[in-house]
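Trainee: There's a structure below that I have some questions on.
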Amino acid sequence: MTAPTRRRPRAQDLLPYAEARLSRFLSDLAGLVAIDSGSYSPAGVNRVADWTAAKLVALDFAVERVTPVGADGKTTGDVLIGRRAGRLAARDGGRRILLAAHMDTVFPDGTAAARPFSLRGRLAHGPGVSDDKGGLLAGLTALDILAEARLEEYAEIVFLATPDEEIGSPASRPVTERAARGVHFALALECARENGDLVIARKGVSDFLLTITGRAAHSGIEPERGANAALAAAHLVVALQALNGRWEDVTVNVGVVRAGNRTNIVCPEAELRVEIRSATTAGMVRAQAAIEEAADRPGVAGTSVVVEQLDLCPPMEDTDLTHRMMARARSLGEELGLELGATATGGVGDANIIAGVGVPVLDGLGPVGGADHSPEEWLDTATVPERVALLAAIVASLGDARHA
């Protein structure tokens with residue numbers, strides 16, 4: 001006797017569930033936007049975490065709450081990791097799916113009162129309405145739909161909410177990496193691009209400090225006895241900026257230049273702060289090697305350069321698996337009348353960290369929004385039902401390998 005055929009979950013079947021939740025979505029969004037939760041406001045972030053944890057518990061998630069400590073010894077708001085087991089064991093084709101959102105915004109305390117949530121026509125406005133409170137709420141709403149529809153054919157859903165994404169996730173990164181290990185697929189809940197595109201790739205970023213050491217001398221009496229670190233720094237700025245265009249997927253930027261402290265001294269020390277961005281790990285390796293090669297030839301006799309890597313955020317690469325995820329999303333989107341495009345961006349996020357541990361990631365799965373980090377930030381509420389239904393259908397589809 002053969003096993004019954006299991007029908008792939010259809011996005012169009014989930015749309016009525018999402019439409020029925022729109023009013024509650026807007027009410028919850030207004031409440032979240034009313035909370036100041038800037039990255040440097042841990043109390044505010046933890047108010048969002050309290051609310052999020054309660055929602056997850058109500059959905060039968062086991063919630064782990066971690067207070068991370070940054071390299072500077074300062075604490076941020078908490079990280080939440082919610083876990084819910086499904087009905088389909090991994091050995092039978094069940095997959096572990098990670099949903100990732102962040103609870104912090106770029107705005108200081110007082111912004112929520114000065115610029116409260118508003119709804120003008122179909123557009124909602126307010127601090128964090130798109131980035132990322134709309135995405136966080138979309139993820140929780142999709143989980144609620146899956147629970148009501150009893151679409152539980154997956155091994156496990158992991159819901160991750162971080163407190164410091166807007167400052168590069170310095171404290172939460174180890175927790176994110178731990179949560180991501182062993183996951184089959186990840187869906188990042190940043191909102192969709194303004195044209196509705198999903199994000200299939202993000203550049204990685206690496207920051208460097210170049211310390212140039214020269215030799216001081218009196219600039220009027222015996223300048224020939226000095227070695228001018230400022231001049232060596234100038235040569236390096238030109239050489240490093242010239243790397244742009246050498247590789248199609250790499251950009252290099254000298255963002256900070258500091259040198260000397262008195263005009264009557266041949267400059268004995270200088271520093272450069274340099275950023276490289278690349279769509280691939282290979283590109284980042286090539287660019288770093290080029291920086292180190294330039295540093296070995298500072299161009300001014302008597303000077304030397306030390307290169308120190310300060311930070312590395314890996315790229316979210318465009319891979320075969322992410323293309324397969326995108327194809328699945330497009331197919332489900334067509335059921336809702338959506339023509340989904342895929343785009344790459346130079347901005348980084350928690351999706352980069354997740355991709356860095358080898359998990360394929362598709363990003364931009366919140367509703368459509370834009371003008372992030374600005375007073376004009378908006379969320380198109382008319383896209384909420386279809387995007388939430390799409391997200392729920394993607395989770396259900398990816399969670400069951402038998403639908404592949």
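Residues are referred to by chain and number: the chain letter is A, B, ... according to the order shown in the structure tokens, the number counts from 1 in that chain, and ligands are numbered separately from 1 in the order shown.
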Applying 9 Å and only C-alpha atoms, which residues near Leu56 (chain A) remain after dropping the ones on its own chain fewer than 2 positions away? List them as a PyMOL selection string.

Mentor: chain A and resi 51-54+58-63+82-83+140+143+159

Trainee: Kindly provide the residues of region 136-160 of chain A that approach region 91-108 of chain A to within 7 Å, each paired with its closest atom pair and their distance in Å to one decimal, based on only C-alpha atoms, listed by chain and increasing number, as CSV.

Mentor:
residue,atom,partner,partner_atom,distance
A:Leu136,CA,A:Ala101,CA,5.2
A:Glu153,CA,A:Gly94,CA,6.7
A:Tyr154,CA,A:Gly94,CA,4.5
A:Ala155,CA,A:Gly94,CA,4.4
A:Glu156,CA,A:Arg96,CA,4.7
A:Ile157,CA,A:Ile97,CA,4.9
A:Val158,CA,A:Leu98,CA,4.6
A:Phe159,CA,A:Leu99,CA,4.9
A:Leu160,CA,A:Ala100,CA,4.7

Trainee: Could you pull out the helix (DSSP H, G or I) residues of region 222-280 of chain A, going by DSSP on the backbone, and write them as a PyMOL selection string?

Mentor: chain A and resi 223-225+229-241

Trainee: Write the selection just made, keeping N, CA and C atoms, as a compact mmCIF listing (two decimals), in the first residue's frame?

Mentor:
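Result file part30.txt:
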# COMPACT_ATOMS: atom_id res chain seq x y z
N PRO A 223 64.67 68.62 8.37
CA PRO A 223 63.57 67.78 7.89
C PRO A 223 64.05 66.52 7.20
N GLU A 224 65.29 66.58 6.65
CA GLU A 224 65.81 65.41 5.94
C GLU A 224 66.02 64.22 6.86
N ARG A 225 66.08 64.45 8.17
CA ARG A 225 66.28 63.35 9.12
C ARG A 225 64.96 62.67 9.48
N ALA A 229 55.18 60.19 7.84
CA ALA A 229 54.11 59.19 7.82
C ALA A 229 52.87 59.71 7.11
N ALA A 230 52.66 61.03 7.17
CA ALA A 230 51.50 61.60 6.47
C ALA A 230 51.64 61.44 4.96
N LEU A 231 52.85 61.63 4.46
CA LEU A 231 53.08 61.46 3.03
C LEU A 231 52.90 60.00 2.63
N ALA A 232 53.41 59.09 3.46
CA ALA A 232 53.21 57.66 3.19
C ALA A 232 51.72 57.32 3.19
N ALA A 233 50.97 57.92 4.13
CA ALA A 233 49.53 57.69 4.18
C ALA A 233 48.85 58.18 2.90
N ALA A 234 49.31 59.33 2.40
CA ALA A 234 48.73 59.88 1.17
C ALA A 234 48.96 58.94 0.00
N HIS A 235 50.17 58.41 -0.11
CA HIS A 235 50.46 57.43 -1.17
C HIS A 235 49.53 56.22 -1.05
N LEU A 236 49.32 55.77 0.19
CA LEU A 236 48.46 54.60 0.40
C LEU A 236 47.01 54.89 0.04
N VAL A 237 46.52 56.08 0.37
CA VAL A 237 45.15 56.44 0.01
C VAL A 237 44.95 56.32 -1.49
N VAL A 238 45.89 56.86 -2.24
CA VAL A 238 45.80 56.81 -3.70
C VAL A 238 45.84 55.36 -4.19
N ALA A 239 46.77 54.58 -3.63
CA ALA A 239 46.92 53.19 -4.08
C ALA A 239 45.69 52.36 -3.75
N LEU A 240 45.12 52.56 -2.56
CA LEU A 240 43.98 51.75 -2.16
C LEU A 240 42.72 52.14 -2.91
N GLN A 241 42.51 53.42 -3.12
CA GLN A 241 41.33 53.84 -3.89
C GLN A 241 41.43 53.36 -5.34

Trainee: What's around region 349-361 of chain A at 10 Å? Count only C-alpha atoms, leave out sequence neighbours fewer than 5 positions away in its own chain, and write the answer as a ChimeraX atom specification.

Mentor: /A:98-102,160-162,164-169,172-174,176-190,199-205,281,312-326

Trainee: Keeping only C-alpha atoms, write the selected residues as a CSV table (one decimal), in the first residue's frame.

Mentor:
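Once everything was written out, this is selection.csv:
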chain,number,residue,atom,x,y,z
A,98,LEU,CA,15.3,29.7,10.7
A,99,LEU,CA,13.4,33.0,10.6
A,100,ALA,CA,15.5,36.0,11.6
A,101,ALA,CA,14.4,39.5,12.5
A,102,HIS,CA,15.9,42.3,14.6
A,160,LEU,CA,15.6,34.5,16.1
A,161,ALA,CA,15.2,38.2,17.2
A,162,THR,CA,18.4,40.2,17.7
A,164,ASP,CA,21.9,45.1,17.8
A,165,GLU,CA,21.7,44.5,14.1
A,166,GLU,CA,21.7,48.2,13.2
A,167,ILE,CA,25.2,48.5,14.7
A,168,GLY,CA,26.6,45.4,13.1
A,169,SER,CA,25.5,42.8,15.7
A,172,SER,CA,24.6,39.1,19.3
A,173,ARG,CA,26.7,37.6,16.6
A,174,PRO,CA,27.9,34.5,18.5
A,176,THR,CA,23.1,34.1,16.0
A,177,GLU,CA,25.9,31.8,14.7
A,178,ARG,CA,24.9,29.2,17.4
A,179,ALA,CA,21.3,29.4,16.5
A,180,ALA,CA,22.0,29.0,12.7
A,181,ARG,CA,24.2,26.0,12.9
A,182,GLY,CA,22.4,22.8,11.7
A,183,VAL,CA,19.6,24.8,10.1
A,184,HIS,CA,18.7,23.8,6.5
A,185,PHE,CA,17.3,27.1,5.3
A,186,ALA,CA,17.0,30.6,6.7
A,187,LEU,CA,14.5,33.4,5.8
A,188,ALA,CA,15.5,36.9,6.9
A,189,LEU,CA,12.6,39.2,7.6
A,190,GLU,CA,13.9,42.6,6.5
A,199,VAL,CA,17.2,39.9,-1.6
A,200,ILE,CA,19.3,37.0,-2.8
A,201,ALA,CA,22.8,38.3,-2.0
A,202,ARG,CA,24.4,40.8,0.3
A,203,LYS,CA,28.0,42.0,0.1
A,204,GLY,CA,30.4,41.2,3.0
A,205,VAL,CA,32.3,43.9,4.8
A,281,THR,CA,34.5,35.5,0.1
A,312,LEU,CA,34.7,40.9,9.2
A,313,CYS,CA,31.1,40.3,8.2
A,314,PRO,CA,30.9,37.5,5.6
A,315,PRO,CA,29.0,37.9,2.4
A,316,MET,CA,25.6,36.4,1.9
A,317,GLU,CA,26.6,34.8,-1.4
A,318,ASP,CA,24.4,34.1,-4.4
A,319,THR,CA,24.5,30.3,-4.5
A,320,ASP,CA,22.7,27.4,-6.2
A,321,LEU,CA,20.7,26.7,-3.0
A,322,THR,CA,19.6,30.3,-2.7
A,323,HIS,CA,18.5,30.2,-6.4
A,324,ARG,CA,16.4,27.1,-5.6
A,325,MET,CA,14.9,29.0,-2.6
A,326,MET,CA,14.1,31.9,-4.9

Trainee: Show which residues sit within 8 Å of region 270-273 of chain A, as an NGL selection string. Count only C-alpha atoms, and ignore same-chain residues fewer than 2 positions away.

Mentor: :A and (207-213 or 229-230 or 233 or 254-260 or 267-268 or 275)

Trainee: For the residues selected in the previous step, produce a file with C-alpha atoms as a PDB file, in the first residue's frame.

Mentor:
ATOM      1  CA  ASP A 207      37.252  46.856   8.204  1.00  0.00           C
ATOM      2  CA  PHE A 208      40.984  47.501   8.557  1.00  0.00           C
ATOM      3  CA  LEU A 209      43.221  49.803  10.544  1.00  0.00           C
ATOM      4  CA  LEU A 210      46.493  50.729   8.830  1.00  0.00           C
ATOM      5  CA  THR A 211      49.022  52.243  11.242  1.00  0.00           C
ATOM      6  CA  ILE A 212      51.872  54.100   9.531  1.00  0.00           C
ATOM      7  CA  THR A 213      55.018  54.757  11.523  1.00  0.00           C
ATOM      8  CA  ALA A 229      54.113  59.187   7.818  1.00  0.00           C
ATOM      9  CA  ALA A 230      51.498  61.604   6.467  1.00  0.00           C
ATOM     10  CA  ALA A 233      49.525  57.686   4.178  1.00  0.00           C
ATOM     11  CA  VAL A 254      39.463  54.820   2.725  1.00  0.00           C
ATOM     12  CA  GLY A 255      37.007  56.403   5.115  1.00  0.00           C
ATOM     13  CA  VAL A 256      39.224  57.919   7.823  1.00  0.00           C
ATOM     14  CA  VAL A 257      42.671  59.539   7.581  1.00  0.00           C
ATOM     15  CA  ARG A 258      44.547  60.835  10.638  1.00  0.00           C
ATOM     16  CA  ALA A 259      48.138  62.096  10.797  1.00  0.00           C
ATOM     17  CA  GLY A 260      50.417  64.082  13.099  1.00  0.00           C
ATOM     18  CA  CYS A 267      54.875  63.668  10.850  1.00  0.00           C
ATOM     19  CA  PRO A 268      55.920  60.514  12.744  1.00  0.00           C
ATOM     20  CA  GLU A 275      36.596  49.213   4.346  1.00  0.00           C
TER      21      GLU A 275
END

Trainee: For a test of reading the model, state the distance in Å between CA of Gly214 (chain A) and CA of Ala227 (chain A), rounded to one decimal.

Mentor: 4.8 Å

Trainee: Pick out the closest residue to Leu336 (chain A) from this set: A:Ala147, A:Ile276, A:Leu123, A:Leu390. Count only C-alpha atoms.

Mentor: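 Checking each of A:Ala147, A:Ile276, A:Leu123, A:Leu390 against Leu336 (chain A), counting only C-alpha atoms, the winner is A:Leu390.
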
Trainee: So how many Å separate CA of Val274 (chain A) and CA of Arg215 (chain A), to one decimal?

Mentor: 23.2 Å

Trainee: To one decimal place, how far is CA of Ser397 (chain A) from CA of Arg84 (chain A) in Å?

Mentor: 16.5 Å

Trainee: Find the spatial neighbours of Ala149 (chain A), counting only C-alpha atoms, within a cut-off of 12 Å - ignore same-chain residues fewer than 6 positions away - and output them as a PDB file with all heavy atoms, in the first residue's frame.

Mentor:
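Once everything was written out, this is part.pdb:
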ATOM      1  N   PRO A   9       1.742  22.890   0.140  1.00  0.00           N
ATOM      2  CA  PRO A   9       0.927  24.018   0.622  1.00  0.00           C
ATOM      3  C   PRO A   9       0.858  25.119  -0.433  1.00  0.00           C
ATOM      4  O   PRO A   9       1.860  25.460  -1.062  1.00  0.00           O
ATOM      5  CB  PRO A   9       1.703  24.492   1.863  1.00  0.00           C
ATOM      6  CG  PRO A   9       2.539  23.329   2.270  1.00  0.00           C
ATOM      7  CD  PRO A   9       2.879  22.592   1.015  1.00  0.00           C
ATOM      8  N   ARG A  10      -0.335  25.663  -0.622  1.00  0.00           N
ATOM      9  CA  ARG A  10      -0.526  26.707  -1.623  1.00  0.00           C
ATOM     10  C   ARG A  10      -0.664  28.060  -0.943  1.00  0.00           C
ATOM     11  O   ARG A  10      -1.433  28.213   0.009  1.00  0.00           O
ATOM     12  CB  ARG A  10      -1.765  26.414  -2.467  1.00  0.00           C
ATOM     13  CG  ARG A  10      -1.652  25.135  -3.283  1.00  0.00           C
ATOM     14  CD  ARG A  10      -2.760  25.046  -4.306  1.00  0.00           C
ATOM     15  NE  ARG A  10      -4.086  25.163  -3.684  1.00  0.00           N
ATOM     16  CZ  ARG A  10      -5.224  25.260  -4.381  1.00  0.00           C
ATOM     17  NH1 ARG A  10      -5.168  25.277  -5.708  1.00  0.00           N
ATOM     18  NH2 ARG A  10      -6.375  25.355  -3.761  1.00  0.00           N
ATOM     19  N   ALA A  11       0.070  29.034  -1.473  1.00  0.00           N
ATOM     20  CA  ALA A  11       0.040  30.368  -0.895  1.00  0.00           C
ATOM     21  C   ALA A  11      -1.363  30.961  -0.952  1.00  0.00           C
ATOM     22  O   ALA A  11      -1.808  31.640  -0.019  1.00  0.00           O
ATOM     23  CB  ALA A  11       1.032  31.276  -1.626  1.00  0.00           C
ATOM     24  N   ASP A  13      -4.136  29.540  -0.608  1.00  0.00           N
ATOM     25  CA  ASP A  13      -4.984  29.009   0.458  1.00  0.00           C
ATOM     26  C   ASP A  13      -4.732  29.713   1.792  1.00  0.00           C
ATOM     27  O   ASP A  13      -5.593  29.690   2.676  1.00  0.00           O
ATOM     28  CB  ASP A  13      -4.742  27.508   0.636  1.00  0.00           C
ATOM     29  CG  ASP A  13      -5.178  26.702  -0.576  1.00  0.00           C
ATOM     30  OD1 ASP A  13      -6.044  27.201  -1.335  1.00  0.00           O
ATOM     31  OD2 ASP A  13      -4.635  25.604  -0.782  1.00  0.00           O
ATOM     32  N   LEU A  14      -3.564  30.307   1.933  1.00  0.00           N
ATOM     33  CA  LEU A  14      -3.212  30.972   3.190  1.00  0.00           C
ATOM     34  C   LEU A  14      -3.558  32.451   3.185  1.00  0.00           C
ATOM     35  O   LEU A  14      -3.537  33.101   4.238  1.00  0.00           O
ATOM     36  CB  LEU A  14      -1.710  30.789   3.467  1.00  0.00           C
ATOM     37  CG  LEU A  14      -1.237  29.335   3.576  1.00  0.00           C
ATOM     38  CD1 LEU A  14       0.257  29.292   3.878  1.00  0.00           C
ATOM     39  CD2 LEU A  14      -2.023  28.584   4.646  1.00  0.00           C
ATOM     40  N   LEU A  15      -3.858  32.998   2.014  1.00  0.00           N
ATOM     41  CA  LEU A  15      -4.153  34.426   1.932  1.00  0.00           C
ATOM     42  C   LEU A  15      -5.349  34.833   2.802  1.00  0.00           C
ATOM     43  O   LEU A  15      -5.279  35.865   3.496  1.00  0.00           O
ATOM     44  CB  LEU A  15      -4.392  34.830   0.474  1.00  0.00           C
ATOM     45  CG  LEU A  15      -4.630  36.323   0.220  1.00  0.00           C
ATOM     46  CD1 LEU A  15      -3.453  37.155   0.721  1.00  0.00           C
ATOM     47  CD2 LEU A  15      -4.868  36.576  -1.268  1.00  0.00           C
ATOM     48  N   PRO A  16      -6.452  34.074   2.834  1.00  0.00           N
ATOM     49  CA  PRO A  16      -7.566  34.485   3.710  1.00  0.00           C
ATOM     50  C   PRO A  16      -7.170  34.566   5.182  1.00  0.00           C
ATOM     51  O   PRO A  16      -7.670  35.442   5.907  1.00  0.00           O
ATOM     52  CB  PRO A  16      -8.625  33.396   3.475  1.00  0.00           C
ATOM     53  CG  PRO A  16      -8.318  32.853   2.112  1.00  0.00           C
ATOM     54  CD  PRO A  16      -6.822  32.902   2.007  1.00  0.00           C
ATOM     55  N   TYR A  17      -6.291  33.669   5.629  1.00  0.00           N
ATOM     56  CA  TYR A  17      -5.808  33.738   7.011  1.00  0.00           C
ATOM     57  C   TYR A  17      -5.084  35.075   7.250  1.00  0.00           C
ATOM     58  O   TYR A  17      -5.255  35.707   8.294  1.00  0.00           O
ATOM     59  CB  TYR A  17      -4.831  32.600   7.296  1.00  0.00           C
ATOM     60  CG  TYR A  17      -5.423  31.222   7.326  1.00  0.00           C
ATOM     61  CD1 TYR A  17      -5.506  30.445   6.177  1.00  0.00           C
ATOM     62  CD2 TYR A  17      -5.868  30.654   8.515  1.00  0.00           C
ATOM     63  CE1 TYR A  17      -6.020  29.157   6.202  1.00  0.00           C
ATOM     64  CE2 TYR A  17      -6.380  29.361   8.563  1.00  0.00           C
ATOM     65  CZ  TYR A  17      -6.452  28.625   7.402  1.00  0.00           C
ATOM     66  OH  TYR A  17      -6.968  27.345   7.443  1.00  0.00           O
ATOM     67  N   ALA A  18      -4.261  35.459   6.296  1.00  0.00           N
ATOM     68  CA  ALA A  18      -3.489  36.695   6.439  1.00  0.00           C
ATOM     69  C   ALA A  18      -4.394  37.917   6.377  1.00  0.00           C
ATOM     70  O   ALA A  18      -4.220  38.883   7.127  1.00  0.00           O
ATOM     71  CB  ALA A  18      -2.416  36.764   5.356  1.00  0.00           C
ATOM     72  N   ALA A 142       3.004  35.029  10.329  1.00  0.00           N
ATOM     73  CA  ALA A 142       3.094  33.831   9.489  1.00  0.00           C
ATOM     74  C   ALA A 142       3.110  32.567  10.348  1.00  0.00           C
ATOM     75  O   ALA A 142       2.481  31.554   9.998  1.00  0.00           O
ATOM     76  CB  ALA A 142       4.344  33.898   8.619  1.00  0.00           C
ATOM     77  N   LEU A 143       3.810  32.612  11.467  1.00  0.00           N
ATOM     78  CA  LEU A 143       3.838  31.453  12.367  1.00  0.00           C
ATOM     79  C   LEU A 143       2.448  31.177  12.941  1.00  0.00           C
ATOM     80  O   LEU A 143       2.051  30.013  13.101  1.00  0.00           O
ATOM     81  CB  LEU A 143       4.838  31.695  13.498  1.00  0.00           C
ATOM     82  CG  LEU A 143       6.302  31.823  13.086  1.00  0.00           C
ATOM     83  CD1 LEU A 143       7.173  32.089  14.309  1.00  0.00           C
ATOM     84  CD2 LEU A 143       6.780  30.580  12.349  1.00  0.00           C
ATOM     85  N   ALA A 389       1.206  35.793   3.716  1.00  0.00           N
ATOM     86  CA  ALA A 389       0.789  34.503   3.164  1.00  0.00           C
ATOM     87  C   ALA A 389       1.932  33.851   2.405  1.00  0.00           C
ATOM     88  O   ALA A 389       2.154  32.627   2.500  1.00  0.00           O
ATOM     89  CB  ALA A 389      -0.420  34.699   2.245  1.00  0.00           C
ATOM     90  N   ALA A 392       4.467  32.448   4.970  1.00  0.00           N
ATOM     91  CA  ALA A 392       3.973  31.213   5.585  1.00  0.00           C
ATOM     92  C   ALA A 392       4.070  30.042   4.617  1.00  0.00           C
ATOM     93  O   ALA A 392       4.463  28.925   4.996  1.00  0.00           O
ATOM     94  CB  ALA A 392       2.531  31.414   6.049  1.00  0.00           C
ATOM     95  N   ALA A 393       3.737  30.279   3.345  1.00  0.00           N
ATOM     96  CA  ALA A 393       3.792  29.203   2.352  1.00  0.00           C
ATOM     97  C   ALA A 393       5.227  28.759   2.095  1.00  0.00           C
ATOM     98  O   ALA A 393       5.495  27.560   1.900  1.00  0.00           O
ATOM     99  CB  ALA A 393       3.141  29.673   1.054  1.00  0.00           C
ATOM    100  N   ALA A 396       6.295  26.549   5.007  1.00  0.00           N
ATOM    101  CA  ALA A 396       5.678  25.237   4.907  1.00  0.00           C
ATOM    102  C   ALA A 396       6.278  24.400   3.784  1.00  0.00           C
ATOM    103  O   ALA A 396       6.484  23.189   3.931  1.00  0.00           O
ATOM    104  CB  ALA A 396       4.170  25.384   4.696  1.00  0.00           C
TER     105      ALA A 396
END

Trainee: Pick from A:Val306, A:Asp50, A:Arg193, A:Arg328: nearest to Thr345 (chain A), with only C-alpha atoms counted?

Mentor: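 The answer is A:Arg193, which sits nearest to Thr345 (chain A).
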
Trainee: Which is closest to Ala30 (chain A) among A:Ala327, A:Val129, A:Ile145, A:Val266, if we use only C-alpha atoms?

Mentor: A:Val129
